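Source file: upload.cif (mmCIF, C-alpha atoms and all ligand atoms)
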data_my_file
#
loop_
_atom_site.label_atom_id
_atom_site.label_comp_id
_atom_site.auth_asym_id
_atom_site.auth_seq_id
_atom_site.Cartn_x
_atom_site.Cartn_y
_atom_site.Cartn_z
CA MET Z 1489 152.70 125.14 102.53
CA GLU Z 1490 152.60 128.93 102.52
CA ARG Z 1491 150.31 130.44 99.93
CA LEU Z 1492 152.91 132.86 98.56
CA ILE Z 1493 156.59 131.97 98.35
CA SER Z 1494 159.46 134.41 97.89
CA ASN Z 1495 162.49 132.28 98.65
CA LEU Z 1496 163.95 131.55 95.22
CA LYS Z 1497 166.73 129.37 96.56
CA LYS Z 1498 164.40 127.10 98.48
CA VAL Z 1499 161.98 126.77 95.58
CA SER Z 1500 164.74 125.96 93.12
CA GLU Z 1501 166.10 123.29 95.42
CA ALA Z 1502 162.63 121.81 95.72
CA LEU Z 1503 162.41 121.74 91.92
CA GLY Z 1504 165.82 120.09 91.81
CA ILE Z 1505 167.47 122.83 89.79
CA GLU Z 1506 170.57 124.85 90.41
CA LEU Z 1507 170.19 128.42 89.21
CA PRO Z 1508 173.26 130.28 87.99
CA GLN Z 1509 174.48 133.26 90.05
CA GLU Z 1510 173.29 135.80 87.41
CA ILE Z 1511 169.73 134.81 88.15
CA TYR Z 1512 170.15 135.65 91.82
CA GLU Z 1513 171.59 139.00 90.63
CA ALA Z 1514 168.42 139.60 88.60
CA GLU Z 1515 166.36 138.66 91.63
CA LYS Z 1516 168.11 141.37 93.66
CA HIS Z 1517 166.69 143.95 91.24
CA TYR Z 1518 163.32 142.37 90.65
CA PRO Z 1519 162.25 140.10 93.48
CA PHE Z 1520 160.76 136.67 93.12
CA LEU Z 1521 157.27 135.82 94.29
CA ILE Z 1522 155.03 132.93 93.35
CA SER Z 1523 151.85 131.42 94.73
CA SER Z 1524 152.11 127.77 95.68
CA TYR Z 1525 149.19 127.10 93.33
CA TYR Z 1526 151.03 128.59 90.33
CA LEU Z 1527 154.30 126.91 91.34
CA ASN Z 1528 152.55 123.54 91.29
CA LEU Z 1529 151.58 124.06 87.65
CA ILE Z 1530 155.22 123.93 86.59
CA ASP Z 1531 156.19 120.85 84.61
CA LYS Z 1532 159.51 119.91 86.17
CA THR Z 1533 160.42 117.57 83.32
CA GLN Z 1534 160.80 120.38 80.80
CA LEU Z 1535 161.64 123.50 82.73
CA SER Z 1536 163.49 125.34 79.98
CA SER Z 1537 160.37 125.51 77.81
CA ASP Z 1538 157.72 125.47 80.50
CA PRO Z 1539 155.38 128.48 80.08
CA ILE Z 1540 154.63 128.71 83.81
CA PHE Z 1541 158.30 128.56 84.78
CA LEU Z 1542 159.29 131.11 82.12
CA GLN Z 1543 156.63 133.57 83.26
CA SER Z 1544 157.53 133.40 86.92
CA PHE Z 1545 161.24 132.64 87.36
CA PRO Z 1546 163.84 135.40 87.00
CA SER Z 1547 166.25 135.34 84.08
CA GLU Z 1548 169.67 136.91 83.63
CA HIS Z 1549 168.21 138.85 80.66
CA GLU Z 1550 166.28 141.04 83.08
CA LEU Z 1551 169.43 143.03 83.75
CA GLU Z 1552 170.03 143.89 80.09
CA GLN Z 1553 170.03 147.62 79.48
CA ASN Z 1554 169.93 149.81 76.39
CA GLU Z 1555 169.03 153.41 75.63
CA LEU Z 1556 165.61 152.44 74.23
CA LEU Z 1557 164.41 150.96 77.49
CA SER Z 1558 162.81 152.90 80.30
CA GLU Z 1559 161.29 152.14 83.70
CA ASP Z 1560 158.10 153.91 82.73
CA PRO Z 1561 157.93 154.27 78.93
CA GLN Z 1562 154.26 155.28 78.99
CA ASP Z 1563 155.13 158.22 81.19
CA GLU Z 1564 152.42 157.17 83.59
CA GLN Z 1565 153.97 159.44 86.20
CA LYS Z 1566 153.38 162.41 83.92
CA HIS Z 1567 149.72 161.54 83.46
CA SER Z 1568 149.27 161.17 87.16
CA PRO Z 1569 147.40 164.22 88.49
CA LEU Z 1570 147.42 162.67 91.99
CA PRO Z 1571 149.34 159.85 93.65
CA LYS Z 1572 147.89 156.47 92.59
CA LEU Z 1573 145.75 157.97 89.80
CA ILE Z 1574 146.54 157.84 86.07
CA HIS Z 1575 144.32 159.91 83.82
CA ARG Z 1576 145.35 159.63 80.19
CA TYR Z 1577 142.08 159.23 78.30
CA ARG Z 1578 139.01 161.45 78.31
CA ASP Z 1579 136.39 159.11 79.72
CA ARG Z 1580 138.41 156.75 81.92
CA ALA Z 1581 140.99 156.86 84.65
CA LEU Z 1582 143.04 154.23 86.40
CA ILE Z 1583 143.63 153.79 90.13
CA LEU Z 1584 146.72 151.99 91.42
CA THR Z 1585 145.06 150.33 94.39
CA THR Z 1586 148.07 148.36 95.65
CA ASN Z 1587 151.52 147.29 94.53
CA ARG Z 1588 150.97 143.73 95.73
CA CYS Z 1589 150.55 140.69 93.50
CA SER Z 1590 150.22 136.99 94.19
CA THR Z 1591 152.96 136.16 91.69
CA PHE Z 1592 155.46 138.55 90.16
CA CYS Z 1593 155.20 138.14 86.39
CA ARG Z 1594 158.65 138.56 84.91
CA PHE Z 1595 157.24 140.47 81.90
CA CYS Z 1596 155.28 142.98 84.01
CA PHE Z 1597 155.42 146.53 82.60
CA ARG Z 1598 154.90 148.02 86.04
CA LYS Z 1599 157.95 146.31 87.50
CA ARG Z 1600 158.97 149.69 88.86
CA ARG Z 1601 156.09 149.38 91.32
CA TRP Z 1602 157.40 146.23 92.97
CA LYS Z 1603 161.13 146.27 92.25
CA LYS Z 1604 162.03 147.57 95.68
CA GLY Z 1605 160.88 144.31 97.07
CA ILE Z 1606 157.95 142.95 98.84
CA HIS Z 1607 156.73 145.91 100.79
CA LYS Z 1608 153.08 146.67 101.02
CA GLU Z 1609 151.83 149.87 99.48
CA ASP Z 1610 148.05 149.95 99.45
CA ILE Z 1611 146.04 153.02 98.64
CA SER Z 1612 145.21 154.97 101.79
CA ASP Z 1613 141.89 156.55 102.75
CA GLU Z 1614 143.38 159.96 102.26
CA GLU Z 1615 144.66 159.16 98.76
CA LEU Z 1616 141.31 157.63 97.88
CA SER Z 1617 139.33 160.62 99.04
CA LYS Z 1618 141.52 163.01 97.02
CA ILE Z 1619 141.03 160.79 93.98
CA ALA Z 1620 137.27 160.78 94.57
CA SER Z 1621 137.24 164.60 94.57
CA TYR Z 1622 139.23 164.65 91.34
CA LEU Z 1623 136.82 162.19 89.71
CA LYS Z 1624 133.85 164.33 90.76
CA THR Z 1625 135.42 167.52 89.42
CA ASN Z 1626 136.45 165.91 86.13
CA ASN Z 1627 133.01 164.71 85.27
CA GLU Z 1628 133.91 163.61 81.77
CA ILE Z 1629 135.40 160.57 83.46
CA GLU Z 1630 132.77 157.85 83.28
CA GLU Z 1631 134.83 154.77 83.95
CA VAL Z 1632 137.30 153.83 86.65
CA LEU Z 1633 139.83 151.01 86.32
CA LEU Z 1634 141.08 149.40 89.48
CA SER Z 1635 144.57 148.17 88.78
CA GLY Z 1636 147.83 147.73 90.66
CA GLY Z 1637 149.60 145.43 91.39
CA ASP Z 1638 146.57 143.25 91.75
CA PRO Z 1639 143.46 144.80 93.37
CA LEU Z 1640 142.30 141.39 94.60
CA MET Z 1641 145.25 141.31 96.99
CA LEU Z 1642 143.15 143.69 99.07
CA SER Z 1643 140.70 142.24 101.54
CA ASN Z 1644 137.02 142.01 100.62
CA ALA Z 1645 136.26 144.71 103.18
CA ARG Z 1646 138.84 147.07 101.68
CA LEU Z 1647 137.65 146.38 98.14
CA LYS Z 1648 134.09 147.10 99.18
CA ALA Z 1649 135.13 150.37 100.81
CA ILE Z 1650 136.95 151.48 97.63
CA LEU Z 1651 134.14 150.41 95.32
CA ASP Z 1652 131.54 152.13 97.47
CA VAL Z 1653 133.43 155.42 97.27
CA ILE Z 1654 133.71 155.14 93.49
CA VAL Z 1655 130.20 154.05 92.57
CA ARG Z 1656 128.74 156.85 94.67
CA ILE Z 1657 130.26 159.37 92.24
CA LYS Z 1658 127.45 160.29 89.84
CA ASN Z 1659 129.50 160.55 86.66
CA ILE Z 1660 131.15 157.14 87.15
CA LYS Z 1661 129.04 154.73 85.13
CA THR Z 1662 131.39 151.75 84.89
CA VAL Z 1663 134.05 150.14 87.05
CA ARG Z 1664 136.64 147.77 85.69
CA ILE Z 1665 138.77 145.49 87.86
CA ALA Z 1666 142.00 144.24 86.29
CA SER Z 1667 143.30 141.16 88.08
CA ARG Z 1668 145.46 138.14 87.38
CA ILE Z 1669 144.28 136.42 90.55
CA PRO Z 1670 141.95 133.97 88.73
CA VAL Z 1671 145.10 132.72 86.95
CA THR Z 1672 147.66 132.78 89.75
CA LEU Z 1673 145.63 132.42 92.96
CA PRO Z 1674 142.20 131.04 92.00
CA GLU Z 1675 141.36 130.05 95.58
CA ARG Z 1676 141.03 133.79 96.33
CA ILE Z 1677 137.90 133.85 94.14
CA THR Z 1678 135.33 132.75 96.67
CA LYS Z 1679 131.55 132.88 96.57
CA THR Z 1680 131.70 135.72 99.10
CA LEU Z 1681 133.94 137.74 96.81
CA SER Z 1682 131.83 137.07 93.72
CA LYS Z 1683 128.70 138.05 95.62
CA LEU Z 1684 130.35 141.30 96.64
CA LEU Z 1685 131.57 142.13 93.12
CA GLY Z 1686 128.31 140.95 91.56
CA SER Z 1687 126.38 143.38 93.74
CA TYR Z 1688 127.72 146.28 91.64
CA SER Z 1689 125.59 146.34 88.52
CA ASN Z 1690 128.20 148.18 86.45
CA LEU Z 1691 131.34 146.18 87.20
CA TRP Z 1692 133.48 144.45 84.57
CA PHE Z 1693 136.31 142.04 85.33
CA VAL Z 1694 139.41 141.86 83.15
CA THR Z 1695 141.67 138.93 83.80
CA HIS Z 1696 144.99 137.91 82.32
CA PHE Z 1697 145.55 134.42 80.90
CA ASN Z 1698 148.64 134.02 78.71
CA HIS Z 1699 148.81 130.32 77.98
CA PRO Z 1700 146.45 127.32 77.72
CA ARG Z 1701 148.41 125.63 80.52
CA GLU Z 1702 146.89 128.24 82.85
CA LEU Z 1703 143.41 126.99 81.99
CA THR Z 1704 143.13 124.53 84.86
CA SER Z 1705 140.01 123.25 86.56
CA GLU Z 1706 140.80 125.62 89.45
CA SER Z 1707 141.20 128.75 87.32
CA MET Z 1708 138.13 127.87 85.27
CA ARG Z 1709 136.16 127.36 88.48
CA ALA Z 1710 137.26 130.80 89.67
CA CYS Z 1711 136.06 132.40 86.44
CA ARG Z 1712 132.79 130.48 86.57
CA VAL Z 1713 132.17 131.75 90.09
CA LEU Z 1714 132.53 135.31 88.75
CA THR Z 1715 130.49 134.89 85.58
CA SER Z 1716 127.77 133.06 87.52
CA ALA Z 1717 127.48 136.12 89.72
CA GLY Z 1718 126.62 138.08 86.58
CA ILE Z 1719 130.01 139.70 86.16
CA PRO Z 1720 131.08 140.14 82.52
CA MET Z 1721 134.62 138.93 81.94
CA LEU Z 1722 137.30 140.00 79.51
CA ASN Z 1723 140.88 138.83 79.15
CA GLN Z 1724 144.08 140.51 78.20
CA THR Z 1725 147.13 138.58 77.07
CA VAL Z 1726 150.71 139.67 76.66
CA LEU Z 1727 152.45 138.27 73.61
CA LEU Z 1728 155.57 136.62 75.02
CA LYS Z 1729 158.51 135.37 73.04
CA GLY Z 1730 159.15 131.67 73.57
CA ILE Z 1731 156.01 131.33 75.69
CA ASN Z 1732 152.88 132.01 73.66
CA ASP Z 1733 154.08 133.50 70.37
CA SER Z 1734 152.48 130.73 68.37
CA PRO Z 1735 149.22 131.21 66.46
CA GLU Z 1736 147.96 127.77 67.46
CA VAL Z 1737 148.78 128.18 71.16
CA LEU Z 1738 146.88 131.47 71.23
CA ARG Z 1739 144.03 130.09 69.14
CA ILE Z 1740 143.49 127.34 71.72
CA LEU Z 1741 143.76 129.84 74.57
CA PHE Z 1742 141.21 132.25 73.10
CA ARG Z 1743 138.83 129.46 72.01
CA THR Z 1744 138.80 128.04 75.52
CA LEU Z 1745 138.27 131.46 77.03
CA ILE Z 1746 135.11 132.11 75.02
CA GLU Z 1747 133.84 128.64 75.88
CA ASN Z 1748 134.07 129.89 79.44
CA LYS Z 1749 132.29 133.19 78.75
CA ILE Z 1750 135.49 135.23 78.83
CA LYS Z 1751 135.94 137.59 75.90
CA PRO Z 1752 139.54 138.03 74.66
CA TYR Z 1753 139.95 141.79 74.70
CA TYR Z 1754 143.58 142.77 74.16
CA LEU Z 1755 146.72 141.05 72.94
CA PHE Z 1756 149.57 143.36 73.96
CA HIS Z 1757 153.00 143.56 72.48
CA ILE Z 1758 155.75 143.83 75.14
CA ASP Z 1759 156.53 147.47 75.91
CA PRO Z 1760 160.11 148.77 75.94
CA VAL Z 1761 160.35 148.51 79.72
CA CYS Z 1762 163.60 147.76 81.56
CA GLY Z 1763 163.81 144.12 82.51
CA VAL Z 1764 161.29 142.71 80.04
CA ALA Z 1765 162.76 143.32 76.57
CA HIS Z 1766 163.80 139.68 76.21
CA PHE Z 1767 160.10 138.77 75.96
CA SER Z 1768 159.57 141.00 72.93
CA THR Z 1769 158.53 139.16 69.77
CA GLY Z 1770 158.57 142.19 67.47
CA ILE Z 1771 155.38 143.73 66.14
CA LEU Z 1772 155.47 141.77 62.88
CA LYS Z 1773 155.01 138.52 64.79
CA GLY Z 1774 151.83 139.88 66.35
CA LEU Z 1775 150.51 141.00 62.96
CA GLU Z 1776 151.23 137.58 61.50
CA ILE Z 1777 149.25 135.99 64.33
CA MET Z 1778 146.34 138.39 63.77
CA ARG Z 1779 146.32 137.46 60.09
CA TYR Z 1780 146.18 133.78 61.03
CA PHE Z 1781 143.24 134.45 63.33
CA ARG Z 1782 141.16 136.10 60.59
CA LYS Z 1783 140.92 132.76 58.84
CA ASN Z 1784 141.20 130.38 61.78
CA LEU Z 1785 139.54 131.97 64.79
CA SER Z 1786 136.06 133.27 65.41
CA GLY Z 1787 135.69 137.03 65.54
CA ILE Z 1788 134.29 136.90 69.07
CA ALA Z 1789 137.41 135.02 70.22
CA THR Z 1790 139.82 137.42 68.56
CA PRO Z 1791 141.35 140.17 70.70
CA GLN Z 1792 142.63 143.53 69.50
CA PHE Z 1793 146.37 143.58 68.99
CA ALA Z 1794 147.74 146.73 70.60
CA ILE Z 1795 150.85 148.56 71.59
CA ASP Z 1796 151.10 151.24 74.22
CA LEU Z 1797 153.09 154.10 72.75
CA PRO Z 1798 155.97 155.64 74.67
CA GLU Z 1799 155.72 159.20 75.99
CA GLY Z 1800 152.10 158.67 76.94
CA GLY Z 1801 151.05 158.41 73.28
CA GLY Z 1802 148.34 155.95 74.32
CA LYS Z 1803 147.27 152.48 73.30
CA ILE Z 1804 146.79 151.97 69.60
CA ASN Z 1805 145.44 148.96 67.72
CA LEU Z 1806 147.44 147.36 64.96
CA GLN Z 1807 145.95 145.41 62.11
CA PRO Z 1808 147.61 143.43 59.35
CA SER Z 1809 147.26 145.31 56.10
CA TYR Z 1810 145.31 143.66 53.29
CA SER Z 1811 145.71 146.50 50.84
CA ALA Z 1812 148.26 149.08 49.81
CA ASP Z 1813 145.80 151.40 48.03
CA ASN Z 1814 142.38 150.57 49.53
CA LYS Z 1815 141.23 149.44 46.07
CA PHE Z 1816 142.79 146.02 45.72
CA PHE Z 1817 142.70 143.65 48.68
CA GLU Z 1818 144.34 140.41 49.55
CA SER Z 1819 141.92 137.56 50.31
CA ILE Z 1820 142.13 135.93 53.73
CA GLU Z 1821 143.70 132.89 52.11
CA GLY Z 1822 146.46 135.15 50.81
CA GLY Z 1823 147.63 135.02 47.24
CA LYS Z 1824 144.41 136.16 45.57
CA ILE Z 1825 143.95 139.91 44.95
CA ILE Z 1826 140.36 141.14 44.78
CA LYS Z 1827 139.08 144.52 43.69
CA TYR Z 1828 136.61 146.27 45.95
CA ALA Z 1829 134.62 149.09 44.36
CA ASP Z 1830 133.51 151.50 47.06
C1 LIG Y 1 144.98 150.87 79.31
C2 LIG Y 1 144.57 152.02 80.07
C3 LIG Y 1 143.22 152.35 80.16
C4 LIG Y 1 142.13 151.54 79.52
O1 LIG Y 1 142.16 151.60 78.13
P1 LIG Y 1 141.10 150.78 77.28
O2 LIG Y 1 141.57 150.92 75.87
O3 LIG Y 1 139.78 151.40 77.52
O4 LIG Y 1 141.13 149.37 77.76
C5 LIG Y 1 142.88 153.46 80.89
N1 LIG Y 1 143.82 154.24 81.48
C6 LIG Y 1 145.11 153.95 81.39
C7 LIG Y 1 146.09 154.84 82.04
C8 LIG Y 1 145.54 152.82 80.69
O5 LIG Y 1 146.84 152.54 80.63
S1 LIG Y 2 149.90 140.40 88.30
FE1 LIG Y 2 149.93 142.19 86.93
S2 LIG Y 2 150.86 143.85 88.11
FE2 LIG Y 2 151.36 141.90 89.14
S3 LIG Y 2 153.32 141.29 88.33
FE3 LIG Y 2 151.78 140.28 87.09
S4 LIG Y 2 151.45 141.67 85.35
FE4 LIG Y 2 152.51 142.87 86.97
#

Here is a file; write its structure as structure tokens.
Amino acid sequence: MERLISNLKKVSEALGIELPQEIYEAEKHYPFLISSYYLNLIDKTQLSSDPIFLQSFPSEHELEQNELLSEDPQDEQKHSPLPKLIHRYRDRALILTTNRCSTFCRFCFRKRRWKKGIHKEDISDEELSKIASYLKTNNEIEEVLLSGGDPLMLSNARLKAILDVIVRIKNIKTVRIASRIPVTLPERITKTLSKLLGSYSNLWFVTHFNHPRELTSESMRACRVLTSAGIPMLNQTVLLKGINDSPEVLRILFRTLIENKIKPYYLFHIDPVCGVAHFSTGILKGLEIMRYFRKNLSGIATPQFAIDLPEGGGKINLQPSYSADNKFFESIEGGKIIKYAD
């Protein structure tokens, strides 16, 4: 079987389902792509509630439009001093290394990068060298994020070439790779790759698990290969309506991640991006879950709940409020009000 599959019709037939025409309409706008590994995680007996199916199969809701939605609400284009570079914060900048992914996540906020279909757009040597000059000139930048698409779609040789250019820049002290490959294509995480990434002493790896069903022996092996090579691992999760918007589901996910030396870093609310609004839970749901965690989940397993403001306003953390006046506070059990004399 091919490793990556883009024929929605064939896959649906293999699953024994007939998709309505609207779904093929959605697919015309936002193509379908899934790794055979991720496809095999689908539980065919309960498709309509299956978290793997819902994250990877198109839905007719992707074509819904309203005036609040945008292709690029964060205005990443505006904060892009050069092609493939986003510089929005003082000490860190993000490189779009490729538009390729191993599976197209239906809730992706950079859908604009792959909506035209499966065409390869990797960063070129020329683009990289311009970015390197920019990073050198703007020496307040101390951290580079490799993002995409998924950077691990690049070959080991290409990754090494990019990393070598970046770590040679004196002011760059930290590199962060953001990749969902451990979740969707764990076989890509080989010993050779982990040795390569582990050879950079300042490299962090941020992966992207959304549901305990993604915690398979294969994905956990992939993460272990990385952590064993001395690479610190973080995880970001997107809060997805009807998929993981349950405090217990997320508690189990985050607990299992820390058991595997992966620190839950962010829990993101869905941004107002075209084609993903149907996954939005509302901010209150996220705050309710954070409140549940305070009592039920270890601090080291608890991520920050964040939204990314439109118009390039940046990521901000949201916390449930325990006090209206910063004098009287609600206990974590709720119900009891306690005075705090500062
Ligand atoms: C999210 C993001 C970062 C990283 O932000 P952290 O809060 O440090 O994780 C950097 N640059 C851009 C453009 C981003 O969107
Ligand atoms: S792997 Fe990341 S960039 Fe690719 S589709 Fe999923 S969320 Fe988007």

Exercise for the section: Using only C-alpha atoms and all ligand atoms, find each protein or nucleic acid residue lying at most 9 Å from ligand LIG 1 (chain Y); present the set as a VMD selection string. Expected result: chain Z and resid 1562 1564 1567 to 1568 1573 to 1577 1579 to 1583 1631 to 1633 1753 to 1754 1796 1800 1802 to 1804

Exercise for the section: Check the smallest atom-to-atom distance from each of Z:Thr1744, Z:Thr1704, Z:Ser1544, Z:Ser1716 to ligand LIG 2 (chain Y) using all atoms listed in the file, then report the winner. Expected result: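 Of Z:Thr1744, Z:Thr1704, Z:Ser1544, Z:Ser1716, the one nearest ligand LIG 2 (chain Y), counting all atoms listed in the file, is Z:Ser1544.
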
Practice task
Could the residues that lie within 6 Å of ligand LIG 2 (chain Y), counting only C-alpha atoms and all ligand atoms, be listed as number ranges by chain?
Solution key: Z: 1589, 1592-1593, 1596, 1598, 1636-1638, 1668

Problem - Nearest residue to Ser1537 of chain Z from the set Z:Gly1730, Z:Pro1720, Z:Pro1735, Z:Pro1639 (distances using all atoms listed in the file) - result: Z:Gly1730

Exercise for the section: Within 6 Å of Leu1492 of chain Z, counting only C-alpha atoms, which residues show up once you throw out same-chain ones fewer than 5 positions away? Write them as JSON, numbers by chain, please. Expected result: {"Z": [1522, 1523, 1524]}

Surrounding residues of segment 1778-1795 of chain Z excluding itself and chain neighbours under 6 positions, 7 Å, all atoms listed in the file, as a compact mmCIF listing (two decimals) with C-alpha atoms, in the coordinates of the input:
# COMPACT_ATOMS: atom_id res chain seq x y z
CA PRO Z 1735 149.22 131.21 66.46
CA ARG Z 1739 144.03 130.09 69.14
CA PHE Z 1742 141.21 132.25 73.10
CA ARG Z 1743 138.83 129.46 72.01
CA ILE Z 1746 135.11 132.11 75.02
CA LYS Z 1751 135.94 137.59 75.90
CA PRO Z 1752 139.54 138.03 74.66
CA TYR Z 1753 139.95 141.79 74.70
CA TYR Z 1754 143.58 142.77 74.16
CA LEU Z 1755 146.72 141.05 72.94
CA PHE Z 1756 149.57 143.36 73.96
CA HIS Z 1757 153.00 143.56 72.48
CA LYS Z 1803 147.27 152.48 73.30
CA ILE Z 1804 146.79 151.97 69.60
CA ASN Z 1805 145.44 148.96 67.72
CA LEU Z 1806 147.44 147.36 64.96
CA PRO Z 1808 147.61 143.43 59.35
CA ILE Z 1820 142.13 135.93 53.73

Fill in the blank from the handout: Using all atoms listed in the file, the best pick from Z:Ser1590, Z:Ser1612, Z:Ser1547, Z:Gln1509 as closest to Pro1674 of chain Z would be Z:Ser1590

Exercise for the section: Considering all atoms listed in the file, return as a ChimeraX atom specification whatever protein or nucleic-acid residues lie within 12 Å of Asp1652 of chain Z, sequence-local ones (same chain, fewer than 2 positions apart) excluded. Expected result: /Z:1616-1617,1620,1644-1650,1654-1658,1660,1663,1684-1685,1687-1688,1691

Handout entry: Among the residues Z:Ser1621, Z:Ser1819, Z:Asn1587, Z:Ser1689, the one that comes closest to Leu1640 of chain Z [using all atoms listed in the file]
Key = Z:Asn1587

Exercise for the section: Have a look at atom CA of Gln1553 of chain Z and atom CA of Cys1762 of chain Z and let me know their distance in Å, one decimal. Expected result: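 According to the coordinates, atom CA of Gln1553 of chain Z and atom CA of Cys1762 of chain Z are separated by 6.8 Å.
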
Practice task
Skip Phe1693 of chain Z itself and residues of its chain fewer than 5 positions away, then list as a VMD selection string all residues within 7 Å of it, counting all atoms listed in the file.
Solution key: chain Z and resid 1664 to 1666 1719 to 1722

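Across the model, the gap from atom CA of Lys1729 of chain Z to atom CA of Arg1601 of chain Z is 23.2 Å.
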
Problem - Residue neighbourhood segment 1494-1497 of chain Z, 8 Å, all atoms listed in the file, exclusion window fewer than 6 positions, as a ChimeraX atom specification - result: /Z:1519-1522

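Distance check against Met1708 of chain Z using only C-alpha atoms: of Z:Lys1661, Z:Lys1749, Z:His1766, Z:Lys1679, the minimum falls on Z:Lys1749.
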
Exercise for the section: Work out how far apart atom CA of Thr1678 of chain Z and atom CA of Thr1695 of chain Z are and give it in Å to one decimal. Expected result: 15.6 Å

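Considering only C-alpha atoms, the residue among Z:Leu1741, Z:Val1653, Z:Leu1728, Z:Leu1527 positioned nearest to Glu1490 of chain Z is Z:Leu1527.
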
Practice task
Counting only C-alpha atoms, write as a PyMOL selection string all protein and nucleic acid residues lying at most 7 Å from (145.1, 166.4, 89.9) in the file's frame.
Solution key: chain Z and resi 1569-1570+1622

Any chance you could export the current selection's C-alpha atoms as a compact mmCIF listing (two decimals), keeping the file's coordinate frame?
# COMPACT_ATOMS: atom_id res chain seq x y z
CA PRO Z 1569 147.40 164.22 88.49
CA LEU Z 1570 147.42 162.67 91.99
CA TYR Z 1622 139.23 164.65 91.34

List every protein, DNA or RNA residue with an atom no more than 7 Å from (154.0, 137.9, 73.8) in the file's coordinates, counting only C-alpha atoms, and format the result as a CSV table (one decimal) with C-alpha atoms, keeping the file's coordinate frame.
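In the end it all went to point_18.csv:
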chain,number,residue,atom,x,y,z
Z,1726,VAL,CA,150.7,139.7,76.7
Z,1727,LEU,CA,152.4,138.3,73.6
Z,1728,LEU,CA,155.6,136.6,75.0
Z,1729,LYS,CA,158.5,135.4,73.0
Z,1732,ASN,CA,152.9,132.0,73.7
Z,1733,ASP,CA,154.1,133.5,70.4
Z,1757,HIS,CA,153.0,143.6,72.5
Z,1758,ILE,CA,155.8,143.8,75.1
Z,1767,PHE,CA,160.1,138.8,76.0
Z,1768,SER,CA,159.6,141.0,72.9
Z,1769,THR,CA,158.5,139.2,69.8

If I only have part of segment 1609-1620 of chain Z, can you fill in N, CA and C atoms and write it as a CSV table (one decimal), in the frame of the given file?
chain,number,residue,atom,x,y,z
Z,1609,GLU,N,152.2,148.5,99.7
Z,1609,GLU,CA,151.8,149.9,99.5
Z,1609,GLU,C,150.4,149.9,98.9
Z,1610,ASP,N,149.5,149.9,99.8
Z,1610,ASP,CA,148.0,150.0,99.4
Z,1610,ASP,C,147.6,151.4,99.5
Z,1611,ILE,N,146.6,151.7,98.7
Z,1611,ILE,CA,146.0,153.0,98.6
Z,1611,ILE,C,145.4,153.4,100.0
Z,1612,SER,N,145.7,154.6,100.5
Z,1612,SER,CA,145.2,155.0,101.8
Z,1612,SER,C,143.9,155.7,101.6
Z,1613,ASP,N,143.2,155.8,102.8
Z,1613,ASP,CA,141.9,156.6,102.8
Z,1613,ASP,C,142.0,158.0,102.2
Z,1614,GLU,N,143.2,158.6,102.7
Z,1614,GLU,CA,143.4,160.0,102.3
Z,1614,GLU,C,143.6,160.1,100.7
Z,1615,GLU,N,144.4,159.2,100.2
Z,1615,GLU,CA,144.7,159.2,98.8
Z,1615,GLU,C,143.4,158.9,98.0
Z,1616,LEU,N,142.6,158.0,98.5
Z,1616,LEU,CA,141.3,157.6,97.9
Z,1616,LEU,C,140.3,158.8,97.9
Z,1617,SER,N,140.3,159.5,99.0
Z,1617,SER,CA,139.3,160.6,99.0
Z,1617,SER,C,139.8,161.8,98.1
Z,1618,LYS,N,141.1,162.0,98.0
Z,1618,LYS,CA,141.5,163.0,97.0
Z,1618,LYS,C,141.2,162.6,95.6
Z,1619,ILE,N,141.4,161.3,95.3
Z,1619,ILE,CA,141.0,160.8,94.0
Z,1619,ILE,C,139.5,161.0,93.7
Z,1620,ALA,N,138.7,160.6,94.7
Z,1620,ALA,CA,137.3,160.8,94.6
Z,1620,ALA,C,136.9,162.2,94.2
